[in-house]
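Down below is the structure, laid out as structure tokens.
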Amino acid sequence: MSKNRPSHSPREAILLVAGTGSRLRPLTEDRPKCLLEVGGEALLKRLLDQLAAVGIERAILVTGYLHERMVAQVESWELALDVAFAPNPTFASENNAISTLVGMRALEGDSFLLCDGDILLRQTAWVAELLADERENVLTMIRFDALGQEEMKIRLGDGEAVEGLSKGLDPAGAHGESLGVQKVGPSAFEALQDRLEALNAEERVRLYYEDVFAELIPQGHAFYAREVAPGSWTEIDTIDDLEAARALYQSWSVA
């Protein structure tokens, strides 16, 4: 597939896989969270295969915790896309905005798909639709009747435009939760990287990448949301989440 693709359809993906997975211990004492298995396959292997299936040609893995184990495992897999490793030396003390910056520095182009590494996707159709969306900067979102304080919440304005994006948003005024799968195009790329490069010490510890997206919106960089059907996705932060994901996967397999 040619590198000459529309600006709204990135060929590269950044996967954030640096974290310690502390809430999944003891399962993560000897492996990063994304190497835990669901349905007999590592979360990361399944995600890489799914991204290759929708046309992603190069994945940048932003690593940290147990970097050598991650590299050895990934290099043992047969994959249909190129993989590059981008170690984040401050992964244990700074937030994922910095991991995003580390990944952006390793890109070959000025558009990318950004994915959290702790997610399980049912199928790739909605990811393909995200890449085909002619808007450049798009987050995926799922609607829930009840949102808590922990979720990364989205508030929408007109025409699916993102008006608010933060864990700190009032749940009552939010429309849904960000899924941790989004794309950024050339229209916001330089402003995003410049802001990430300029983060001060306090911001490097506190800010999520979504917080930086939110800062760009009032500066004229439009971000939009695409709604994904419930049951298409789950994230894994705790042992209970992992067991629920395994049960969900089994339900998909027999559906």
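Each chain in the structure tokens gets a letter, A, B and so on, in the order shown; residues start at 1 in every chain, and ligands are counted from 1 in the order they appear.
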Step one, run DSSP on the backbone; step two, keep only residues of segment 113-236 of chain A assigned to alpha helix (DSSP H); then write them as a PDB file with all heavy atoms, in the first residue's frame.
ATOM      1  N   ALA A 125     -14.305  -3.525  11.995  1.00  0.00           N
ATOM      2  CA  ALA A 125     -15.121  -2.706  11.099  1.00  0.00           C
ATOM      3  C   ALA A 125     -15.161  -1.248  11.537  1.00  0.00           C
ATOM      4  O   ALA A 125     -15.024  -0.328  10.713  1.00  0.00           O
ATOM      5  CB  ALA A 125     -16.532  -3.280  11.002  1.00  0.00           C
ATOM      6  N   TRP A 126     -15.323  -0.995  12.833  1.00  0.00           N
ATOM      7  CA  TRP A 126     -15.434   0.392  13.270  1.00  0.00           C
ATOM      8  C   TRP A 126     -14.093   1.118  13.230  1.00  0.00           C
ATOM      9  O   TRP A 126     -14.054   2.340  13.073  1.00  0.00           O
ATOM     10  CB  TRP A 126     -16.093   0.495  14.648  1.00  0.00           C
ATOM     11  CG  TRP A 126     -15.402  -0.164  15.798  1.00  0.00           C
ATOM     12  CD1 TRP A 126     -15.608  -1.429  16.252  1.00  0.00           C
ATOM     13  CD2 TRP A 126     -14.419   0.399  16.674  1.00  0.00           C
ATOM     14  NE1 TRP A 126     -14.815  -1.683  17.352  1.00  0.00           N
ATOM     15  CE2 TRP A 126     -14.089  -0.587  17.631  1.00  0.00           C
ATOM     16  CE3 TRP A 126     -13.798   1.639  16.748  1.00  0.00           C
ATOM     17  CZ2 TRP A 126     -13.143  -0.369  18.642  1.00  0.00           C
ATOM     18  CZ3 TRP A 126     -12.863   1.871  17.748  1.00  0.00           C
ATOM     19  CH2 TRP A 126     -12.546   0.867  18.684  1.00  0.00           C
ATOM     20  N   VAL A 127     -12.985   0.362  13.330  1.00  0.00           N
ATOM     21  CA  VAL A 127     -11.674   0.991  13.167  1.00  0.00           C
ATOM     22  C   VAL A 127     -11.465   1.371  11.706  1.00  0.00           C
ATOM     23  O   VAL A 127     -10.949   2.450  11.394  1.00  0.00           O
ATOM     24  CB  VAL A 127     -10.551   0.064  13.651  1.00  0.00           C
ATOM     25  CG1 VAL A 127      -9.206   0.774  13.577  1.00  0.00           C
ATOM     26  CG2 VAL A 127     -10.816  -0.417  15.076  1.00  0.00           C
ATOM     27  N   ALA A 128     -11.884   0.496  10.792  1.00  0.00           N
ATOM     28  CA  ALA A 128     -11.813   0.812   9.364  1.00  0.00           C
ATOM     29  C   ALA A 128     -12.658   2.047   9.051  1.00  0.00           C
ATOM     30  O   ALA A 128     -12.241   2.913   8.257  1.00  0.00           O
ATOM     31  CB  ALA A 128     -12.278  -0.386   8.538  1.00  0.00           C
ATOM     32  N   GLU A 129     -13.818   2.142   9.678  1.00  0.00           N
ATOM     33  CA  GLU A 129     -14.678   3.318   9.462  1.00  0.00           C
ATOM     34  C   GLU A 129     -14.030   4.581  10.003  1.00  0.00           C
ATOM     35  O   GLU A 129     -14.156   5.661   9.412  1.00  0.00           O
ATOM     36  CB  GLU A 129     -16.039   3.079  10.112  1.00  0.00           C
ATOM     37  CG  GLU A 129     -16.868   2.006   9.409  1.00  0.00           C
ATOM     38  CD  GLU A 129     -18.055   1.548  10.225  1.00  0.00           C
ATOM     39  OE1 GLU A 129     -18.254   2.083  11.349  1.00  0.00           O
ATOM     40  OE2 GLU A 129     -18.789   0.661   9.763  1.00  0.00           O
ATOM     41  N   LEU A 130     -13.338   4.460  11.120  1.00  0.00           N
ATOM     42  CA  LEU A 130     -12.611   5.606  11.667  1.00  0.00           C
ATOM     43  C   LEU A 130     -11.546   6.086  10.686  1.00  0.00           C
ATOM     44  O   LEU A 130     -11.411   7.284  10.427  1.00  0.00           O
ATOM     45  CB  LEU A 130     -11.965   5.214  13.005  1.00  0.00           C
ATOM     46  CG  LEU A 130     -10.997   6.213  13.628  1.00  0.00           C
ATOM     47  CD1 LEU A 130     -11.707   7.504  14.012  1.00  0.00           C
ATOM     48  CD2 LEU A 130     -10.302   5.602  14.848  1.00  0.00           C
ATOM     49  N   LEU A 131     -10.789   5.159  10.117  1.00  0.00           N
ATOM     50  CA  LEU A 131      -9.737   5.533   9.170  1.00  0.00           C
ATOM     51  C   LEU A 131     -10.315   6.101   7.880  1.00  0.00           C
ATOM     52  O   LEU A 131      -9.667   6.930   7.222  1.00  0.00           O
ATOM     53  CB  LEU A 131      -8.862   4.311   8.865  1.00  0.00           C
ATOM     54  CG  LEU A 131      -8.046   3.768  10.035  1.00  0.00           C
ATOM     55  CD1 LEU A 131      -7.334   2.476   9.638  1.00  0.00           C
ATOM     56  CD2 LEU A 131      -7.040   4.789  10.544  1.00  0.00           C
ATOM     57  N   ALA A 132     -11.505   5.680   7.512  1.00  0.00           N
ATOM     58  CA  ALA A 132     -12.142   6.173   6.282  1.00  0.00           C
ATOM     59  C   ALA A 132     -12.845   7.512   6.486  1.00  0.00           C
ATOM     60  O   ALA A 132     -13.149   8.206   5.508  1.00  0.00           O
ATOM     61  CB  ALA A 132     -13.142   5.143   5.766  1.00  0.00           C
ATOM     62  N   PRO A 186      -2.743  16.012   9.894  1.00  0.00           N
ATOM     63  CA  PRO A 186      -1.811  17.134   9.749  1.00  0.00           C
ATOM     64  C   PRO A 186      -2.335  18.453  10.289  1.00  0.00           C
ATOM     65  O   PRO A 186      -1.539  19.291  10.732  1.00  0.00           O
ATOM     66  CB  PRO A 186      -1.603  17.207   8.229  1.00  0.00           C
ATOM     67  CG  PRO A 186      -1.877  15.825   7.740  1.00  0.00           C
ATOM     68  CD  PRO A 186      -2.967  15.299   8.615  1.00  0.00           C
ATOM     69  N   SER A 187      -3.645  18.658  10.284  1.00  0.00           N
ATOM     70  CA  SER A 187      -4.184  19.941  10.734  1.00  0.00           C
ATOM     71  C   SER A 187      -3.912  20.217  12.199  1.00  0.00           C
ATOM     72  O   SER A 187      -3.856  21.377  12.627  1.00  0.00           O
ATOM     73  CB  SER A 187      -5.687  20.018  10.460  1.00  0.00           C
ATOM     74  OG  SER A 187      -6.380  19.002  11.170  1.00  0.00           O
ATOM     75  N   ALA A 188      -3.746  19.165  12.997  1.00  0.00           N
ATOM     76  CA  ALA A 188      -3.477  19.344  14.435  1.00  0.00           C
ATOM     77  C   ALA A 188      -2.104  18.828  14.847  1.00  0.00           C
ATOM     78  O   ALA A 188      -1.685  19.047  15.984  1.00  0.00           O
ATOM     79  CB  ALA A 188      -4.551  18.644  15.268  1.00  0.00           C
ATOM     80  N   PHE A 189      -1.404  18.161  13.947  1.00  0.00           N
ATOM     81  CA  PHE A 189      -0.173  17.457  14.303  1.00  0.00           C
ATOM     82  C   PHE A 189       0.877  18.387  14.907  1.00  0.00           C
ATOM     83  O   PHE A 189       1.396  18.137  16.008  1.00  0.00           O
ATOM     84  CB  PHE A 189       0.394  16.756  13.067  1.00  0.00           C
ATOM     85  CG  PHE A 189       1.590  15.878  13.356  1.00  0.00           C
ATOM     86  CD1 PHE A 189       1.433  14.520  13.572  1.00  0.00           C
ATOM     87  CD2 PHE A 189       2.879  16.404  13.402  1.00  0.00           C
ATOM     88  CE1 PHE A 189       2.522  13.705  13.839  1.00  0.00           C
ATOM     89  CE2 PHE A 189       3.977  15.605  13.665  1.00  0.00           C
ATOM     90  CZ  PHE A 189       3.799  14.248  13.880  1.00  0.00           C
ATOM     91  N   GLU A 190       1.193  19.459  14.213  1.00  0.00           N
ATOM     92  CA  GLU A 190       2.277  20.335  14.682  1.00  0.00           C
ATOM     93  C   GLU A 190       1.919  21.000  16.003  1.00  0.00           C
ATOM     94  O   GLU A 190       2.751  21.066  16.925  1.00  0.00           O
ATOM     95  CB  GLU A 190       2.588  21.395  13.627  1.00  0.00           C
ATOM     96  CG  GLU A 190       3.769  22.282  13.987  1.00  0.00           C
ATOM     97  CD  GLU A 190       4.148  23.250  12.887  1.00  0.00           C
ATOM     98  OE1 GLU A 190       3.516  23.236  11.810  1.00  0.00           O
ATOM     99  OE2 GLU A 190       5.083  24.051  13.103  1.00  0.00           O
ATOM    100  N   ALA A 191       0.678  21.468  16.120  1.00  0.00           N
ATOM    101  CA  ALA A 191       0.255  22.113  17.361  1.00  0.00           C
ATOM    102  C   ALA A 191       0.290  21.130  18.528  1.00  0.00           C
ATOM    103  O   ALA A 191       0.694  21.482  19.644  1.00  0.00           O
ATOM    104  CB  ALA A 191      -1.143  22.693  17.204  1.00  0.00           C
ATOM    105  N   LEU A 192      -0.121  19.886  18.273  1.00  0.00           N
ATOM    106  CA  LEU A 192      -0.097  18.874  19.324  1.00  0.00           C
ATOM    107  C   LEU A 192       1.332  18.582  19.761  1.00  0.00           C
ATOM    108  O   LEU A 192       1.641  18.567  20.965  1.00  0.00           O
ATOM    109  CB  LEU A 192      -0.767  17.598  18.834  1.00  0.00           C
ATOM    110  CG  LEU A 192      -0.717  16.394  19.776  1.00  0.00           C
ATOM    111  CD1 LEU A 192      -1.405  16.694  21.094  1.00  0.00           C
ATOM    112  CD2 LEU A 192      -1.326  15.157  19.109  1.00  0.00           C
ATOM    113  N   GLN A 193       2.223  18.366  18.807  1.00  0.00           N
ATOM    114  CA  GLN A 193       3.600  18.050  19.176  1.00  0.00           C
ATOM    115  C   GLN A 193       4.266  19.222  19.882  1.00  0.00           C
ATOM    116  O   GLN A 193       4.971  19.036  20.882  1.00  0.00           O
ATOM    117  CB  GLN A 193       4.417  17.641  17.953  1.00  0.00           C
ATOM    118  CG  GLN A 193       5.822  17.167  18.317  1.00  0.00           C
ATOM    119  CD  GLN A 193       6.497  16.386  17.221  1.00  0.00           C
ATOM    120  OE1 GLN A 193       6.022  16.324  16.100  1.00  0.00           O
ATOM    121  NE2 GLN A 193       7.617  15.766  17.547  1.00  0.00           N
ATOM    122  N   ASP A 194       4.022  20.433  19.402  1.00  0.00           N
ATOM    123  CA  ASP A 194       4.612  21.612  20.048  1.00  0.00           C
ATOM    124  C   ASP A 194       4.152  21.732  21.490  1.00  0.00           C
ATOM    125  O   ASP A 194       4.951  22.036  22.391  1.00  0.00           O
ATOM    126  CB  ASP A 194       4.241  22.883  19.281  1.00  0.00           C
ATOM    127  CG  ASP A 194       4.987  23.030  17.959  1.00  0.00           C
ATOM    128  OD1 ASP A 194       5.943  22.268  17.726  1.00  0.00           O
ATOM    129  OD2 ASP A 194       4.607  23.907  17.161  1.00  0.00           O
ATOM    130  N   ARG A 195       2.861  21.492  21.730  1.00  0.00           N
ATOM    131  CA  ARG A 195       2.339  21.609  23.100  1.00  0.00           C
ATOM    132  C   ARG A 195       2.910  20.510  23.984  1.00  0.00           C
ATOM    133  O   ARG A 195       3.271  20.753  25.150  1.00  0.00           O
ATOM    134  CB  ARG A 195       0.811  21.547  23.086  1.00  0.00           C
ATOM    135  CG  ARG A 195       0.193  21.636  24.487  1.00  0.00           C
ATOM    136  CD  ARG A 195       0.460  22.987  25.135  1.00  0.00           C
ATOM    137  NE  ARG A 195      -0.093  23.043  26.479  1.00  0.00           N
ATOM    138  CZ  ARG A 195       0.626  22.956  27.606  1.00  0.00           C
ATOM    139  NH1 ARG A 195       1.954  22.820  27.536  1.00  0.00           N
ATOM    140  NH2 ARG A 195       0.036  23.021  28.776  1.00  0.00           N
ATOM    141  N   LEU A 196       3.021  19.306  23.449  1.00  0.00           N
ATOM    142  CA  LEU A 196       3.600  18.214  24.229  1.00  0.00           C
ATOM    143  C   LEU A 196       5.062  18.490  24.557  1.00  0.00           C
ATOM    144  O   LEU A 196       5.523  18.222  25.670  1.00  0.00           O
ATOM    145  CB  LEU A 196       3.460  16.900  23.462  1.00  0.00           C
ATOM    146  CG  LEU A 196       2.043  16.344  23.310  1.00  0.00           C
ATOM    147  CD1 LEU A 196       2.029  15.177  22.339  1.00  0.00           C
ATOM    148  CD2 LEU A 196       1.466  15.921  24.653  1.00  0.00           C
ATOM    149  N   GLU A 197       5.796  19.013  23.609  1.00  0.00           N
ATOM    150  CA  GLU A 197       7.207  19.345  23.847  1.00  0.00           C
ATOM    151  C   GLU A 197       7.350  20.417  24.925  1.00  0.00           C
ATOM    152  O   GLU A 197       8.346  20.450  25.652  1.00  0.00           O
ATOM    153  CB  GLU A 197       7.867  19.825  22.556  1.00  0.00           C
ATOM    154  CG  GLU A 197       7.974  18.778  21.456  1.00  0.00           C
ATOM    155  CD  GLU A 197       9.152  17.833  21.621  1.00  0.00           C
ATOM    156  OE1 GLU A 197       9.814  17.871  22.671  1.00  0.00           O
ATOM    157  OE2 GLU A 197       9.389  17.041  20.676  1.00  0.00           O
ATOM    158  N   ALA A 201       7.168  20.484  34.114  1.00  0.00           N
ATOM    159  CA  ALA A 201       7.358  19.291  34.947  1.00  0.00           C
ATOM    160  C   ALA A 201       6.055  18.843  35.592  1.00  0.00           C
ATOM    161  O   ALA A 201       5.757  17.637  35.647  1.00  0.00           O
ATOM    162  CB  ALA A 201       8.421  19.557  36.007  1.00  0.00           C
ATOM    163  N   GLU A 202       5.260  19.781  36.057  1.00  0.00           N
ATOM    164  CA  GLU A 202       3.992  19.430  36.709  1.00  0.00           C
ATOM    165  C   GLU A 202       3.009  18.853  35.700  1.00  0.00           C
ATOM    166  O   GLU A 202       2.312  17.871  35.974  1.00  0.00           O
ATOM    167  CB  GLU A 202       3.412  20.673  37.381  1.00  0.00           C
ATOM    168  CG  GLU A 202       2.132  20.428  38.177  1.00  0.00           C
ATOM    169  CD  GLU A 202       0.866  20.591  37.327  1.00  0.00           C
ATOM    170  OE1 GLU A 202       0.935  21.284  36.285  1.00  0.00           O
ATOM    171  OE2 GLU A 202      -0.170  20.010  37.706  1.00  0.00           O
ATOM    172  N   GLU A 203       2.956  19.434  34.508  1.00  0.00           N
ATOM    173  CA  GLU A 203       2.034  18.956  33.481  1.00  0.00           C
ATOM    174  C   GLU A 203       2.431  17.576  32.966  1.00  0.00           C
ATOM    175  O   GLU A 203       1.570  16.764  32.639  1.00  0.00           O
ATOM    176  CB  GLU A 203       2.010  19.952  32.314  1.00  0.00           C
ATOM    177  CG  GLU A 203       1.341  21.279  32.662  1.00  0.00           C
ATOM    178  CD  GLU A 203       1.547  22.325  31.586  1.00  0.00           C
ATOM    179  OE1 GLU A 203       2.587  22.289  30.876  1.00  0.00           O
ATOM    180  OE2 GLU A 203       0.655  23.191  31.452  1.00  0.00           O
ATOM    181  N   ARG A 204       3.727  17.311  32.898  1.00  0.00           N
ATOM    182  CA  ARG A 204       4.194  16.004  32.425  1.00  0.00           C
ATOM    183  C   ARG A 204       3.713  14.883  33.344  1.00  0.00           C
ATOM    184  O   ARG A 204       3.468  13.762  32.895  1.00  0.00           O
ATOM    185  CB  ARG A 204       5.724  15.996  32.341  1.00  0.00           C
ATOM    186  CG  ARG A 204       6.284  16.863  31.229  1.00  0.00           C
ATOM    187  CD  ARG A 204       7.797  17.004  31.341  1.00  0.00           C
ATOM    188  NE  ARG A 204       8.481  15.772  31.029  1.00  0.00           N
ATOM    189  CZ  ARG A 204       9.017  15.478  29.836  1.00  0.00           C
ATOM    190  NH1 ARG A 204       8.924  16.332  28.835  1.00  0.00           N
ATOM    191  NH2 ARG A 204       9.640  14.334  29.639  1.00  0.00           N
ATOM    192  N   VAL A 205       3.553  15.180  34.613  1.00  0.00           N
ATOM    193  CA  VAL A 205       3.063  14.191  35.576  1.00  0.00           C
ATOM    194  C   VAL A 205       1.541  14.084  35.544  1.00  0.00           C
ATOM    195  O   VAL A 205       0.984  12.994  35.676  1.00  0.00           O
ATOM    196  CB  VAL A 205       3.534  14.560  36.998  1.00  0.00           C
ATOM    197  CG1 VAL A 205       2.877  13.668  38.041  1.00  0.00           C
ATOM    198  CG2 VAL A 205       5.048  14.478  37.089  1.00  0.00           C
ATOM    199  N   ARG A 206       0.866  15.194  35.300  1.00  0.00           N
ATOM    200  CA  ARG A 206      -0.588  15.259  35.488  1.00  0.00           C
ATOM    201  C   ARG A 206      -1.410  14.975  34.233  1.00  0.00           C
ATOM    202  O   ARG A 206      -2.483  14.374  34.315  1.00  0.00           O
ATOM    203  CB  ARG A 206      -0.953  16.659  36.009  1.00  0.00           C
ATOM    204  CG  ARG A 206      -2.429  16.930  36.155  1.00  0.00           C
ATOM    205  CD  ARG A 206      -2.691  18.274  36.819  1.00  0.00           C
ATOM    206  NE  ARG A 206      -2.040  19.379  36.146  1.00  0.00           N
ATOM    207  CZ  ARG A 206      -2.580  20.051  35.116  1.00  0.00           C
ATOM    208  NH1 ARG A 206      -3.764  19.717  34.651  1.00  0.00           N
ATOM    209  NH2 ARG A 206      -1.929  21.057  34.564  1.00  0.00           N
ATOM    210  N   TYR A 209      -3.068  12.509  27.349  1.00  0.00           N
ATOM    211  CA  TYR A 209      -3.051  13.084  25.996  1.00  0.00           C
ATOM    212  C   TYR A 209      -4.386  13.738  25.658  1.00  0.00           C
ATOM    213  O   TYR A 209      -4.434  14.740  24.934  1.00  0.00           O
ATOM    214  CB  TYR A 209      -2.655  12.038  24.948  1.00  0.00           C
ATOM    215  CG  TYR A 209      -3.544  10.831  24.811  1.00  0.00           C
ATOM    216  CD1 TYR A 209      -4.780  10.892  24.169  1.00  0.00           C
ATOM    217  CD2 TYR A 209      -3.147   9.597  25.315  1.00  0.00           C
ATOM    218  CE1 TYR A 209      -5.591   9.779  24.046  1.00  0.00           C
ATOM    219  CE2 TYR A 209      -3.950   8.468  25.185  1.00  0.00           C
ATOM    220  CZ  TYR A 209      -5.172   8.566  24.550  1.00  0.00           C
ATOM    221  OH  TYR A 209      -5.974   7.456  24.425  1.00  0.00           O
ATOM    222  N   GLU A 210      -5.492  13.202  26.202  1.00  0.00           N
ATOM    223  CA  GLU A 210      -6.795  13.813  25.929  1.00  0.00           C
ATOM    224  C   GLU A 210      -6.881  15.226  26.483  1.00  0.00           C
ATOM    225  O   GLU A 210      -7.572  16.080  25.909  1.00  0.00           O
ATOM    226  CB  GLU A 210      -7.922  12.958  26.528  1.00  0.00           C
ATOM    227  CG  GLU A 210      -8.084  11.590  25.878  1.00  0.00           C
ATOM    228  CD  GLU A 210      -7.386  10.481  26.646  1.00  0.00           C
ATOM    229  OE1 GLU A 210      -6.461  10.796  27.441  1.00  0.00           O
ATOM    230  OE2 GLU A 210      -7.760   9.306  26.456  1.00  0.00           O
ATOM    231  N   ASP A 211      -6.207  15.485  27.600  1.00  0.00           N
ATOM    232  CA  ASP A 211      -6.207  16.836  28.161  1.00  0.00           C
ATOM    233  C   ASP A 211      -5.549  17.822  27.195  1.00  0.00           C
ATOM    234  O   ASP A 211      -5.970  18.977  27.086  1.00  0.00           O
ATOM    235  CB  ASP A 211      -5.474  16.860  29.504  1.00  0.00           C
ATOM    236  CG  ASP A 211      -6.173  16.051  30.575  1.00  0.00           C
ATOM    237  OD1 ASP A 211      -7.415  16.148  30.672  1.00  0.00           O
ATOM    238  OD2 ASP A 211      -5.495  15.319  31.318  1.00  0.00           O
ATOM    239  N   VAL A 212      -4.525  17.353  26.499  1.00  0.00           N
ATOM    240  CA  VAL A 212      -3.846  18.222  25.535  1.00  0.00           C
ATOM    241  C   VAL A 212      -4.712  18.405  24.289  1.00  0.00           C
ATOM    242  O   VAL A 212      -4.796  19.509  23.737  1.00  0.00           O
ATOM    243  CB  VAL A 212      -2.464  17.660  25.181  1.00  0.00           C
ATOM    244  CG1 VAL A 212      -1.721  18.606  24.224  1.00  0.00           C
ATOM    245  CG2 VAL A 212      -1.626  17.469  26.454  1.00  0.00           C
ATOM    246  N   PHE A 213      -5.394  17.343  23.845  1.00  0.00           N
ATOM    247  CA  PHE A 213      -6.365  17.519  22.759  1.00  0.00           C
ATOM    248  C   PHE A 213      -7.361  18.620  23.135  1.00  0.00           C
ATOM    249  O   PHE A 213      -7.678  19.490  22.314  1.00  0.00           O
ATOM    250  CB  PHE A 213      -7.165  16.230  22.520  1.00  0.00           C
ATOM    251  CG  PHE A 213      -6.405  15.069  21.955  1.00  0.00           C
ATOM    252  CD1 PHE A 213      -6.970  13.802  21.964  1.00  0.00           C
ATOM    253  CD2 PHE A 213      -5.136  15.214  21.415  1.00  0.00           C
ATOM    254  CE1 PHE A 213      -6.293  12.713  21.437  1.00  0.00           C
ATOM    255  CE2 PHE A 213      -4.448  14.124  20.895  1.00  0.00           C
ATOM    256  CZ  PHE A 213      -5.032  12.874  20.910  1.00  0.00           C
ATOM    257  N   ALA A 214      -7.859  18.564  24.364  1.00  0.00           N
ATOM    258  CA  ALA A 214      -8.867  19.520  24.813  1.00  0.00           C
ATOM    259  C   ALA A 214      -8.338  20.951  24.787  1.00  0.00           C
ATOM    260  O   ALA A 214      -9.094  21.887  24.499  1.00  0.00           O
ATOM    261  CB  ALA A 214      -9.353  19.159  26.219  1.00  0.00           C
ATOM    262  N   GLU A 215      -7.062  21.134  25.065  1.00  0.00           N
ATOM    263  CA  GLU A 215      -6.468  22.472  25.006  1.00  0.00           C
ATOM    264  C   GLU A 215      -6.439  23.008  23.576  1.00  0.00           C
ATOM    265  O   GLU A 215      -6.520  24.228  23.362  1.00  0.00           O
ATOM    266  CB  GLU A 215      -5.042  22.445  25.549  1.00  0.00           C
ATOM    267  CG  GLU A 215      -4.916  22.265  27.039  1.00  0.00           C
ATOM    268  CD  GLU A 215      -3.465  22.395  27.495  1.00  0.00           C
ATOM    269  OE1 GLU A 215      -2.640  22.907  26.714  1.00  0.00           O
ATOM    270  OE2 GLU A 215      -3.160  21.969  28.618  1.00  0.00           O
ATOM    271  N   LEU A 216      -6.297  22.118  22.602  1.00  0.00           N
ATOM    272  CA  LEU A 216      -6.186  22.550  21.209  1.00  0.00           C
ATOM    273  C   LEU A 216      -7.516  22.987  20.618  1.00  0.00           C
ATOM    274  O   LEU A 216      -7.558  23.783  19.674  1.00  0.00           O
ATOM    275  CB  LEU A 216      -5.594  21.431  20.350  1.00  0.00           C
ATOM    276  CG  LEU A 216      -4.196  20.926  20.724  1.00  0.00           C
ATOM    277  CD1 LEU A 216      -3.760  19.856  19.728  1.00  0.00           C
ATOM    278  CD2 LEU A 216      -3.188  22.059  20.758  1.00  0.00           C
TER     279      LEU A 216
END
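Taking only C-alpha atoms, the non-local environment of Ser111 of chain A within 9 Å (same-chain residues fewer than 4 positions away omitted) comprises A:Ser7, A:His8, A:Ser9, A:Pro10, A:Arg11, A:Glu12, A:Ala13, A:Leu107, A:Glu136, A:Lys183, A:Val184, A:Gly185, A:Pro186, A:Ser187, A:Ala188, A:Phe189.
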Within 9 Å of segment 158-179 of chain A: each segment 107-149 of chain A residue with its shortest pair, only C-alpha atoms, as CSV:
residue,atom,partner,partner_atom,distance
A:Cys115,CA,A:Leu179,CA,8.7
A:Asp116,CA,A:Leu179,CA,8.5
A:Ile119,CA,A:Leu179,CA,8.5
A:Val138,CA,A:Val162,CA,8.9
A:Leu139,CA,A:Ser178,CA,6.8
A:Thr140,CA,A:Leu179,CA,5.7
A:Met141,CA,A:Ser178,CA,4.6
A:Ile142,CA,A:Gly176,CA,5.4
A:Arg143,CA,A:Gly176,CA,4.2
A:Phe144,CA,A:Gly176,CA,5.8
A:Asp145,CA,A:Gly176,CA,8.4
A:Ala146,CA,A:Pro171,CA,7.6
A:Leu147,CA,A:Pro171,CA,5.4
A:Gly148,CA,A:Pro171,CA,6.3
A:Gln149,CA,A:Lys167,CA,6.3
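Pairwise distance (atom CA of Glu75 of chain A, atom CA of Asn88 of chain A) equals 18.8 Å.
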**OP:** Tell me which protein, DNA and RNA residues are within 8 Å of Arg31 of chain A, counting only C-alpha atoms, leaving out same-chain ones fewer than 5 positions away, and put them as an MDAnalysis selection string.
**Re:** chainID A and resid 36 66 69:70
Those same residues - all heavy atoms - I'd like them written as an mmCIF file, in the first residue's frame.
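Heads up, here's the output in result.cif:
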data_model
loop_
_atom_site.group_PDB
_atom_site.id
_atom_site.type_symbol
_atom_site.label_atom_id
_atom_site.label_comp_id
_atom_site.auth_asym_id
_atom_site.auth_seq_id
_atom_site.Cartn_x
_atom_site.Cartn_y
_atom_site.Cartn_z
ATOM 1 N N LEU A 36 -0.777 -10.062 28.440
ATOM 2 C CA LEU A 36 -1.733 -10.994 29.027
ATOM 3 C C LEU A 36 -2.644 -11.535 27.930
ATOM 4 O O LEU A 36 -2.925 -10.849 26.939
ATOM 5 C CB LEU A 36 -2.563 -10.301 30.112
ATOM 6 C CG LEU A 36 -1.797 -9.842 31.349
ATOM 7 C CD1 LEU A 36 -2.709 -9.044 32.262
ATOM 8 C CD2 LEU A 36 -1.189 -11.024 32.093
ATOM 9 N N LEU A 66 9.354 -3.451 31.655
ATOM 10 C CA LEU A 66 9.813 -4.714 31.075
ATOM 11 C C LEU A 66 10.000 -4.607 29.556
ATOM 12 O O LEU A 66 9.558 -5.449 28.777
ATOM 13 C CB LEU A 66 8.841 -5.848 31.425
ATOM 14 C CG LEU A 66 8.716 -6.175 32.924
ATOM 15 C CD1 LEU A 66 7.685 -7.270 33.153
ATOM 16 C CD2 LEU A 66 10.058 -6.577 33.520
ATOM 17 N N ARG A 69 11.441 -7.663 27.675
ATOM 18 C CA ARG A 69 10.467 -8.744 27.527
ATOM 19 C C ARG A 69 9.500 -8.421 26.388
ATOM 20 O O ARG A 69 9.137 -9.295 25.596
ATOM 21 C CB ARG A 69 9.708 -8.948 28.844
ATOM 22 C CG ARG A 69 8.492 -9.861 28.759
ATOM 23 C CD ARG A 69 8.874 -11.321 28.561
ATOM 24 N NE ARG A 69 7.740 -12.145 28.157
ATOM 25 C CZ ARG A 69 6.910 -12.782 28.978
ATOM 26 N NH1 ARG A 69 7.089 -12.680 30.297
ATOM 27 N NH2 ARG A 69 5.928 -13.515 28.520
ATOM 28 N N MET A 70 9.085 -7.168 26.302
ATOM 29 C CA MET A 70 8.179 -6.752 25.241
ATOM 30 C C MET A 70 8.818 -6.958 23.872
ATOM 31 O O MET A 70 8.209 -7.534 22.955
ATOM 32 C CB MET A 70 7.807 -5.282 25.419
ATOM 33 C CG MET A 70 6.878 -4.755 24.337
ATOM 34 S SD MET A 70 5.162 -5.167 24.643
ATOM 35 C CE MET A 70 4.805 -3.950 25.920
#
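Residues in contact with Lys45 of chain A at up to 9 Å, not including ones fewer than 5 positions away on its chain and judged by only C-alpha atoms, are Cys34, Leu35, Gln50, Val74, Trp77 and Leu79 of chain A.
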Subject >> Contact residues around Val102 of chain A with only C-alpha atoms at 10 Å, ignoring same-chain residues under 2 positions, as JSON, numbers by chain >> reply: {"A": [14, 16, 60, 61, 62, 63, 86, 87, 88, 89, 96, 97, 98, 99, 100, 104, 105, 106, 107, 193, 196, 197]}
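Interatomic distance, atom CA of Ile236 of chain A to atom CA of Arg155 of chain A: 23.5 Å.
The space separating atom CA of Arg122 of chain A from atom CA of Val17 of chain A comes to 19.5 Å.
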Original post:
How would you write, as an MDAnalysis selection string, the set of residues in segment 25-87 of chain A that DSSP gives as strand (DSSP E)?
Top reply: chainID A and resid 37:38 41:42 58:63 82:87
**OP:** Find the residue from A:Val83, A:Ile239, A:Ala18, A:Ala247 that sits nearest to Ala52 of chain A; use only C-alpha atoms when measuring.
**Re:** A:Val83
